[in-house]
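Beneath this line is the structure, given in structure tokens, with notes to follow.
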Amino acid sequence: MEKPTSYESEDHLNLKATELRLGLPGRDESDKQSSSSVRNNKRASSEMEGALDVENEERDCAPPRKTQVVGWPPVRSCRKNCFQPKKIEADASGVYVKVSMDGAPYLRKIDLKVYKSYPELLKALENMFKCTIGVYSEREGYDGSDYAPTYEDKDGDWMLVGDVPWEMFSTSCKRMRIMKGSEAKGLGCL
Amino acid sequence: MDPKRSRNSHESVNSSESTRFPDEVLERVLSLLTSHKDRSSVSLVCKDWYNAERWTRTHVFIGNCYSVSPEIVVGRFPAIRSVTLKGKPRFSDFNLVPENWGADIHQWLVVFAEKYPFLEELRLKRMTVTDESLEFLATSFSYFKAISLMSCDGFSTDGLAAIATHCKNLTELDIQENDMEDNGGGWLSCFPENFTSLEVLNFASQQGDVSFDALEKLVDRCKSLRVLKVDKYVKLEQLHRLLVRAPQLTDLGTGNFQQELTPRQCAELESAFSNCKNLHTLSGLWDATSLYFPVLYSACGRLTFLNLSYAALQSGDLAKLLPHCPNLRRLWVLDTVEDEGLEAIGSSCPLLEELRVFPAAPFDLDINRGVTESGFIAVSRGCPRLHYVLYFCRQMTNAAVATIVQNCPDFTHFRLCIMNPGQRDYLTGEPMDEAFGAVVKTCTKLQRLAISGLLTDLTFEYIGKYAKNLETLSVAFAGSSDWGMQCVLRGCPKLRKLEIRDSPFGNAALLSGLAKYESMRSLWMSACNVTMNACKLLAREKPRLNVEVMKDDETDSQVDKVYVYRTIAGPRRDAPPFVLTL
């Protein structure tokens with residue numbers, strides 16, 4: 001496409017500043033047709049650039065600058081990237097659940113797929129939060145420890161970790177909470 | 001009949017006395033006028049009519065909160081019960097307006113508290129509203145009934161708690177698409193136990209849990225509730241409990257629509273929906289899949305507005321659902337439904353008047369899917385009554401748009417967003433000028449237009465020449481030179497709002513509108529080629545305009561953002577440091 005003539009004829013000294021601000025990758029291109037040069041809005045990333053060059057051989061050449069354009073497309077923040085395209089196969093990418101610990105300033109996330117059994121999971125939690133959870137027993141729960149690991153299942157109920165088989169747990173666990181102190185003791189006495 | 005002497009008469013007597021109405025009659029007639037545009041016209045007829053109109057106006061609409069001051073408003077209209085105020089420029093929705101820009105409601109409330117103690121309704125759009133302001137509102141107006149906040153910011157759920165606690169006569173609490181801080185869902189519990197007047201409750205944009213117990217009890221005791229839109233943390237199971245307590249609902253926003261239900265629970269939910277005989281609007285449906293659509297079927301036949309824009313449905317899902325919804329007038333979807341989904345719309349919804357297709361992943365550049373021109377064509381073929389469209393796509397052709405407007409010549413709102421800036425017709429490689437040319441030539445009723453794609457000045461020539469009813473124009477990454485903008489400013493006689501970003505329009509273009517801006521609500525230009533000199537000149541020549549400039553760089557003469565609007569209130573007194581009023 002032809003460069004807009006007004007750009008060139010304007011007296012402005014700061015065309016460079018204009019370029020950055022405008023973020024018009026499409027307008028600086030040559031006359032090649034392009035079906036969708038989506039990469040123009042891509043964040044600057046050298047690895048991506050390499051990959052894209054292979055993909056987009058036939059497409060127009062985007063400028064090396066890869067700044068994302070502010071406020072474009074004009075979509076309100078409540079609609080931004082809330083959706084993942086539906087995964088056709090089951091999660092290959094892991095089952096990340098939030099883990100909160102009473103008294104900790106922030107939550108953590110763990111991938112349940114990484115663990116094959118309860119002892120592995122509990123060990124990881126103990127390492128992550130620098131606490132001792134202890135050993136599970138059906139009758140006493142985690143009695144003997146100040147902490148009890150609990151999880152929220154698909155129905156929204158808070159359950160003690162360890163009661164159900166590992167497979168059932170790892171597919172129904174939505175988030176975890178490591179309970180502390182008297183609350184935990186209360187559970188252990190059930 | 002002898003005309004009585006008007007109590008305001010200092011007007012010279014009409015030659016024909018029978019045309020003088022007594023004030024009482026005039027006021028009685030005028031009180032039946034609701035449209036603010038009609039009222040504006042009435043007030044211009046003569047001084048008598050101006051006075052009669054101002055005494056009978058109960059609702060005032062202020063499209064730009066800085067065009068007038070609260071003192072002027074209360075001075076002119078003594079009997080206001082309902083106020084609608086809009087604040088920030090629309091591009092603030094897309095982060096183009098820095099924080100703390102202004103449009104704070106508080107000073108308005110302070111003035112209203114003194115002069116409008118009987119204020120009942122407040123509707124705000126793009127204003128800054130703090131919790132303190134909400135508390136002040138709740139405690140200053142004993143007859144307060146309805147609050148609607150759309151795209152506002154500055155408040156949290158604590159502010160809602162204040163409303164719930166103090167507004168004994170509340171009928172409407174409508175919180176839409178706001179930047180609201182979530183301090184917990186306890187605010188719902190603040191409605192007193194003897195409070196039953198609620199008719200509209202919308203907290204769909206809340207980002208956290210609410211106390212479901214309190215919600216259930218509230219819905220149970222508010223028998224006049226007709227609009228209920230919950231947030232996405234309300235589960236399907238809970239929805240059922242709400243529906244059985246409110247079968248009279250006309251407008252429902254569900255919570256999350258994905259939860260494992262037993263067959264019995266499904267049946268119960270289905271039964272609850274079928275009992276909602278007045279339901280015509282359905283929204284929410286977060287994470288909905290077609291799995292639970294059957295529970296909706298009994299209600300679908302009555303639906304006129306279906307908002308699926310929070311459900312990432314595929315074409316098959318839509319194809320299953322839509323045949324049950326033949327009466328839809330308005331439909332919002334995500335582009336995950338793709339062209340096939342749009343074909344389903346074309347074949348199932350012949351009465352459709354409005355379609356909005358939102359992008360599921362607008363900033364994800366690896367995605368090449370979504371909808372194309374063929375989906376749009378399919379809808380235009382099946383839905384001849386279509387007059388409002390908002391369409392996000394990644395490819396379009398001039399020929400397709402020409403076909404579309406031929407099928408649907410009655411467009412009043414045509415907002416097409418080809419998501420890659422400056423993109424050509426992908427089949428011919430040409431600019432998209434002819435597409436929008438076709439739109440403005442064919443759609444003579446066009447009021448609102450948003451353009452995109454690679455566009456030269458020709459597009460603007462077309463717009464200026466043909467778009468005689470155009471009121472709002474949104475321009476981004478378009479045009480070749482000042483000439484484009486000049487065409488529009490010279491052409492469109494009804495233009496009220498012009499918003500432009502990232503386009504090569506400069507000083508000549510800005511100044512060519514000198515004579516026009518006072519007849520418009522506002523002009524926004526950002527990332528264009530305007531300099532300080534032109535803005536200063538504009539401000540000097542037109543003292544009744546506020547010319548507000550935002551600059552990135554202090555030393556530069558280049559203007560980053562300029563916002564021009566007519567006002568009778570003079571320059572803003574609350575402008576933040578980064579806004580220069582010239």
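Note on naming: chains are A, B, ... as they come in the structure tokens, residues start from 1 per chain, ligands start from 1 in the order shown.
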
Hey, which bits of chain B sit within 6 Å of chain A, and for each residue what's the closest pair of atoms and how far apart in Å (one decimal), counting only C-alpha atoms, rows by chain and increasing number, as a tab-separated table?
```
residue	atom	partner	partner_atom	distance
B:Asp93	CA	A:Arg76	CA	5.9
B:Phe94	CA	A:Gly71	CA	4.4
B:Asn95	CA	A:Gly71	CA	5.7
B:Ala360	CA	A:Phe83	CA	6.0
B:Ala361	CA	A:Asn81	CA	4.9
B:Leu365	CA	A:Val38	CA	5.2
B:Met419	CA	A:Pro73	CA	5.8
B:Gly422	CA	A:Gly26	CA	5.2
B:Tyr426	CA	A:Ser35	CA	5.1
B:Gly429	CA	A:Gln33	CA	5.4
B:Ser480	CA	A:Pro4	CA	4.8
B:Ser481	CA	A:Ser6	CA	5.2
B:Asp502	CA	A:Leu22	CA	5.4
B:Ala527	CA	A:Leu22	CA	5.8
```

Same residues, all heavy atoms, saved as an mmCIF file, in the first residue's frame:
```cif
data_model
loop_
_atom_site.group_PDB
_atom_site.id
_atom_site.type_symbol
_atom_site.label_atom_id
_atom_site.label_comp_id
_atom_site.auth_asym_id
_atom_site.auth_seq_id
_atom_site.Cartn_x
_atom_site.Cartn_y
_atom_site.Cartn_z
ATOM 1 N N ASP B 93 -12.889 3.003 27.531
ATOM 2 C CA ASP B 93 -13.178 1.572 27.662
ATOM 3 C C ASP B 93 -12.003 0.729 27.206
ATOM 4 O O ASP B 93 -11.898 -0.441 27.573
ATOM 5 C CB ASP B 93 -14.383 1.170 26.802
ATOM 6 C CG ASP B 93 -15.697 1.643 27.379
ATOM 7 O OD1 ASP B 93 -15.717 2.109 28.538
ATOM 8 O OD2 ASP B 93 -16.707 1.564 26.664
ATOM 9 N N PHE B 94 -11.167 1.292 26.347
ATOM 10 C CA PHE B 94 -10.057 0.529 25.782
ATOM 11 C C PHE B 94 -8.725 1.068 26.276
ATOM 12 O O PHE B 94 -7.719 1.033 25.573
ATOM 13 C CB PHE B 94 -10.140 0.560 24.249
ATOM 14 C CG PHE B 94 -11.545 0.355 23.741
ATOM 15 C CD1 PHE B 94 -12.162 1.308 22.951
ATOM 16 C CD2 PHE B 94 -12.273 -0.777 24.100
ATOM 17 C CE1 PHE B 94 -13.463 1.133 22.498
ATOM 18 C CE2 PHE B 94 -13.577 -0.966 23.669
ATOM 19 C CZ PHE B 94 -14.182 -0.003 22.866
ATOM 20 N N ASN B 95 -8.737 1.607 27.472
ATOM 21 C CA ASN B 95 -7.507 2.063 28.133
ATOM 22 C C ASN B 95 -6.802 3.207 27.432
ATOM 23 O O ASN B 95 -5.608 3.377 27.594
ATOM 24 C CB ASN B 95 -6.505 0.901 28.276
ATOM 25 C CG ASN B 95 -7.082 -0.234 29.074
ATOM 26 O OD1 ASN B 95 -7.845 -0.022 30.011
ATOM 27 N ND2 ASN B 95 -6.756 -1.447 28.704
ATOM 28 N N ALA B 360 -13.338 -14.291 20.885
ATOM 29 C CA ALA B 360 -13.045 -15.064 22.093
ATOM 30 C C ALA B 360 -11.628 -14.805 22.579
ATOM 31 O O ALA B 360 -11.355 -14.808 23.769
ATOM 32 C CB ALA B 360 -13.240 -16.546 21.822
ATOM 33 N N ALA B 361 -10.732 -14.599 21.656
ATOM 34 C CA ALA B 361 -9.335 -14.390 22.038
ATOM 35 C C ALA B 361 -8.758 -13.264 21.202
ATOM 36 O O ALA B 361 -7.946 -13.477 20.310
ATOM 37 C CB ALA B 361 -8.544 -15.675 21.830
ATOM 38 N N LEU B 365 -2.601 -13.919 19.155
ATOM 39 C CA LEU B 365 -2.343 -13.730 17.733
ATOM 40 C C LEU B 365 -2.100 -15.031 17.000
ATOM 41 O O LEU B 365 -1.953 -15.044 15.798
ATOM 42 C CB LEU B 365 -1.156 -12.789 17.574
ATOM 43 C CG LEU B 365 -1.494 -11.486 18.297
ATOM 44 C CD1 LEU B 365 -0.249 -10.764 18.727
ATOM 45 C CD2 LEU B 365 -2.354 -10.618 17.428
ATOM 46 N N MET B 419 -9.931 -7.242 12.704
ATOM 47 C CA MET B 419 -9.067 -7.064 13.862
ATOM 48 C C MET B 419 -7.631 -6.704 13.564
ATOM 49 O O MET B 419 -6.967 -6.119 14.422
ATOM 50 C CB MET B 419 -9.143 -8.305 14.752
ATOM 51 C CG MET B 419 -10.473 -8.357 15.487
ATOM 52 S SD MET B 419 -10.518 -9.596 16.773
ATOM 53 C CE MET B 419 -11.128 -10.988 15.847
ATOM 54 N N GLY B 422 -5.472 -2.008 9.354
ATOM 55 C CA GLY B 422 -5.023 -1.744 7.997
ATOM 56 C C GLY B 422 -5.065 -2.952 7.092
ATOM 57 O O GLY B 422 -4.259 -3.082 6.175
ATOM 58 N N TYR B 426 -9.209 -9.442 1.434
ATOM 59 C CA TYR B 426 -8.236 -10.543 1.312
ATOM 60 C C TYR B 426 -8.320 -11.261 -0.028
ATOM 61 O O TYR B 426 -7.425 -12.010 -0.388
ATOM 62 C CB TYR B 426 -8.393 -11.528 2.475
ATOM 63 C CG TYR B 426 -9.491 -12.540 2.310
ATOM 64 C CD1 TYR B 426 -9.228 -13.821 1.841
ATOM 65 C CD2 TYR B 426 -10.801 -12.226 2.645
ATOM 66 C CE1 TYR B 426 -10.243 -14.755 1.688
ATOM 67 C CE2 TYR B 426 -11.816 -13.152 2.497
ATOM 68 C CZ TYR B 426 -11.527 -14.417 2.017
ATOM 69 O OH TYR B 426 -12.531 -15.333 1.876
ATOM 70 N N GLY B 429 -7.153 -7.783 -2.594
ATOM 71 C CA GLY B 429 -5.993 -7.010 -2.175
ATOM 72 C C GLY B 429 -6.238 -5.521 -2.130
ATOM 73 O O GLY B 429 -5.335 -4.731 -1.854
ATOM 74 N N SER B 480 -5.985 8.596 4.523
ATOM 75 C CA SER B 480 -4.684 8.888 3.923
ATOM 76 C C SER B 480 -4.193 10.281 4.252
ATOM 77 O O SER B 480 -2.989 10.524 4.303
ATOM 78 C CB SER B 480 -4.736 8.745 2.399
ATOM 79 O OG SER B 480 -5.555 7.678 2.027
ATOM 80 N N SER B 481 -5.104 11.230 4.411
ATOM 81 C CA SER B 481 -4.670 12.617 4.604
ATOM 82 C C SER B 481 -5.781 13.411 5.273
ATOM 83 O O SER B 481 -6.874 12.904 5.500
ATOM 84 C CB SER B 481 -4.349 13.244 3.249
ATOM 85 O OG SER B 481 -5.557 13.478 2.541
ATOM 86 N N ASP B 502 -5.138 6.871 15.838
ATOM 87 C CA ASP B 502 -4.116 6.325 14.951
ATOM 88 C C ASP B 502 -4.417 6.550 13.478
ATOM 89 O O ASP B 502 -4.384 5.616 12.677
ATOM 90 C CB ASP B 502 -3.959 4.815 15.226
ATOM 91 C CG ASP B 502 -3.427 4.585 16.628
ATOM 92 O OD1 ASP B 502 -4.234 4.520 17.582
ATOM 93 O OD2 ASP B 502 -2.198 4.499 16.764
ATOM 94 N N ALA B 527 -3.276 9.849 18.820
ATOM 95 C CA ALA B 527 -2.257 9.305 17.921
ATOM 96 C C ALA B 527 -2.508 9.732 16.486
ATOM 97 O O ALA B 527 -2.386 8.933 15.558
ATOM 98 C CB ALA B 527 -2.187 7.781 18.037
#
```

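If only C-alpha atoms are the atoms counted, then among A:Tyr118, A:Lys130, A:Asp157, A:Asp143 the closest residue to A:Ser172 is A:Asp157.
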
Need to verify the contact set: B:Tyr388, 9 Å, only C-alpha atoms, exclusion of same-chain residues closer than 3 positions in sequence. Can you return it as a list in words?
Arg330, Glu353, Glu354, Leu355, Arg356, Asp410, Phe411, Thr412, His413, Phe414 and Arg415 of chain B

Those residues with all heavy atoms, as a short mmCIF file (atom, residue, chain, number, x, y, z; two decimals), in the first residue's frame please?
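Writing done, so here's selection-v5.cif:
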```cif
data_model
loop_
_atom_site.label_atom_id
_atom_site.label_comp_id
_atom_site.auth_asym_id
_atom_site.auth_seq_id
_atom_site.Cartn_x
_atom_site.Cartn_y
_atom_site.Cartn_z
N ARG B 330 -32.57 -10.21 19.45
CA ARG B 330 -31.20 -9.79 19.72
C ARG B 330 -30.39 -11.00 20.15
O ARG B 330 -30.85 -11.80 20.99
CB ARG B 330 -31.16 -8.74 20.83
CG ARG B 330 -31.98 -7.49 20.53
CD ARG B 330 -32.06 -6.59 21.75
NE ARG B 330 -30.75 -6.07 22.10
CZ ARG B 330 -30.47 -5.50 23.27
NH1 ARG B 330 -31.40 -5.39 24.19
NH2 ARG B 330 -29.27 -5.02 23.52
N GLU B 353 -32.94 -8.82 14.83
CA GLU B 353 -32.70 -7.42 14.52
C GLU B 353 -31.30 -6.98 14.90
O GLU B 353 -30.76 -6.02 14.35
CB GLU B 353 -33.70 -6.55 15.27
CG GLU B 353 -35.13 -6.80 14.84
CD GLU B 353 -36.15 -6.04 15.68
OE1 GLU B 353 -35.75 -5.13 16.43
OE2 GLU B 353 -37.34 -6.38 15.59
N GLU B 354 -30.72 -7.65 15.89
CA GLU B 354 -29.40 -7.24 16.36
C GLU B 354 -28.50 -8.45 16.55
O GLU B 354 -28.92 -9.45 17.16
CB GLU B 354 -29.52 -6.50 17.70
CG GLU B 354 -28.18 -6.17 18.34
CD GLU B 354 -28.32 -5.47 19.68
OE1 GLU B 354 -29.27 -4.68 19.83
OE2 GLU B 354 -27.50 -5.72 20.58
N LEU B 355 -27.29 -8.39 16.02
CA LEU B 355 -26.31 -9.44 16.20
C LEU B 355 -24.99 -8.85 16.64
O LEU B 355 -24.50 -7.89 16.03
CB LEU B 355 -26.08 -10.21 14.90
CG LEU B 355 -24.97 -11.27 14.95
CD1 LEU B 355 -25.36 -12.42 15.87
CD2 LEU B 355 -24.65 -11.80 13.56
N ARG B 356 -24.42 -9.41 17.70
CA ARG B 356 -23.07 -9.00 18.10
C ARG B 356 -22.21 -10.25 18.19
O ARG B 356 -22.57 -11.20 18.88
CB ARG B 356 -23.08 -8.28 19.45
CG ARG B 356 -23.97 -7.04 19.45
CD ARG B 356 -23.69 -6.12 20.61
NE ARG B 356 -24.80 -5.18 20.77
CZ ARG B 356 -24.74 -4.06 21.47
NH1 ARG B 356 -23.64 -3.73 22.09
NH2 ARG B 356 -25.81 -3.27 21.56
N ASP B 410 -31.55 -1.87 6.09
CA ASP B 410 -32.07 -1.02 7.16
C ASP B 410 -31.11 -0.80 8.31
O ASP B 410 -31.53 -0.40 9.39
CB ASP B 410 -33.37 -1.62 7.73
CG ASP B 410 -34.46 -1.65 6.68
OD1 ASP B 410 -34.46 -0.75 5.82
OD2 ASP B 410 -35.29 -2.57 6.73
N PHE B 411 -29.84 -1.05 8.11
CA PHE B 411 -28.89 -0.89 9.21
C PHE B 411 -28.94 0.52 9.79
O PHE B 411 -28.88 1.51 9.06
CB PHE B 411 -27.45 -1.16 8.75
CG PHE B 411 -27.08 -2.60 8.81
CD1 PHE B 411 -26.82 -3.31 7.64
CD2 PHE B 411 -26.99 -3.26 10.03
CE1 PHE B 411 -26.47 -4.66 7.70
CE2 PHE B 411 -26.66 -4.61 10.08
CZ PHE B 411 -26.40 -5.31 8.92
N THR B 412 -29.07 0.58 11.11
CA THR B 412 -28.94 1.85 11.82
C THR B 412 -27.58 1.91 12.53
O THR B 412 -27.06 2.97 12.79
CB THR B 412 -30.05 2.00 12.87
OG1 THR B 412 -30.02 0.86 13.72
CG2 THR B 412 -31.40 2.15 12.21
N HIS B 413 -27.06 0.71 12.89
CA HIS B 413 -25.78 0.63 13.59
C HIS B 413 -24.93 -0.41 12.89
O HIS B 413 -25.28 -1.59 12.88
CB HIS B 413 -25.97 0.22 15.05
CG HIS B 413 -26.78 1.18 15.86
ND1 HIS B 413 -28.12 1.39 15.63
CD2 HIS B 413 -26.44 1.98 16.90
CE1 HIS B 413 -28.57 2.28 16.49
NE2 HIS B 413 -27.56 2.65 17.27
N PHE B 414 -23.82 0.02 12.29
CA PHE B 414 -22.95 -0.91 11.57
C PHE B 414 -21.54 -0.75 12.10
O PHE B 414 -20.87 0.23 11.83
CB PHE B 414 -23.00 -0.61 10.07
CG PHE B 414 -22.38 -1.68 9.22
CD1 PHE B 414 -23.16 -2.73 8.74
CD2 PHE B 414 -21.03 -1.66 8.89
CE1 PHE B 414 -22.60 -3.73 7.95
CE2 PHE B 414 -20.46 -2.66 8.11
CZ PHE B 414 -21.25 -3.69 7.63
N ARG B 415 -21.13 -1.73 12.92
CA ARG B 415 -19.83 -1.65 13.56
C ARG B 415 -19.03 -2.88 13.16
O ARG B 415 -19.27 -3.96 13.65
CB ARG B 415 -20.01 -1.59 15.08
CG ARG B 415 -20.89 -0.44 15.53
CD ARG B 415 -21.36 -0.61 16.96
NE ARG B 415 -20.25 -0.59 17.90
CZ ARG B 415 -20.38 -0.88 19.19
NH1 ARG B 415 -21.56 -1.19 19.68
NH2 ARG B 415 -19.34 -0.84 19.99
#
```

Neighbouring residues of A:Met159 were defined as those with any atom within 9 Å, considering only C-alpha atoms; residues of the same chain fewer than 5 positions away were excluded. Please report them as a count of residues only. 5

DSSP says strand (DSSP E) for which residues of stretch 200-232 of chain B? Put them as a ChimeraX atom specification?
/B:200-202,227-229

If you run DSSP on the backbone here, which positions in stretch 254-480 of chain B get helix (DSSP H, G or I)? Please write them as a VMD selection string. chain B and resid 263 to 274 290 to 295 297 to 300 315 to 324 335 to 348 373 to 382 398 to 407 433 to 442 457 to 466

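For the pair atom CA of B:Leu458 and atom CA of B:Leu96, the separation is 27.0 Å.
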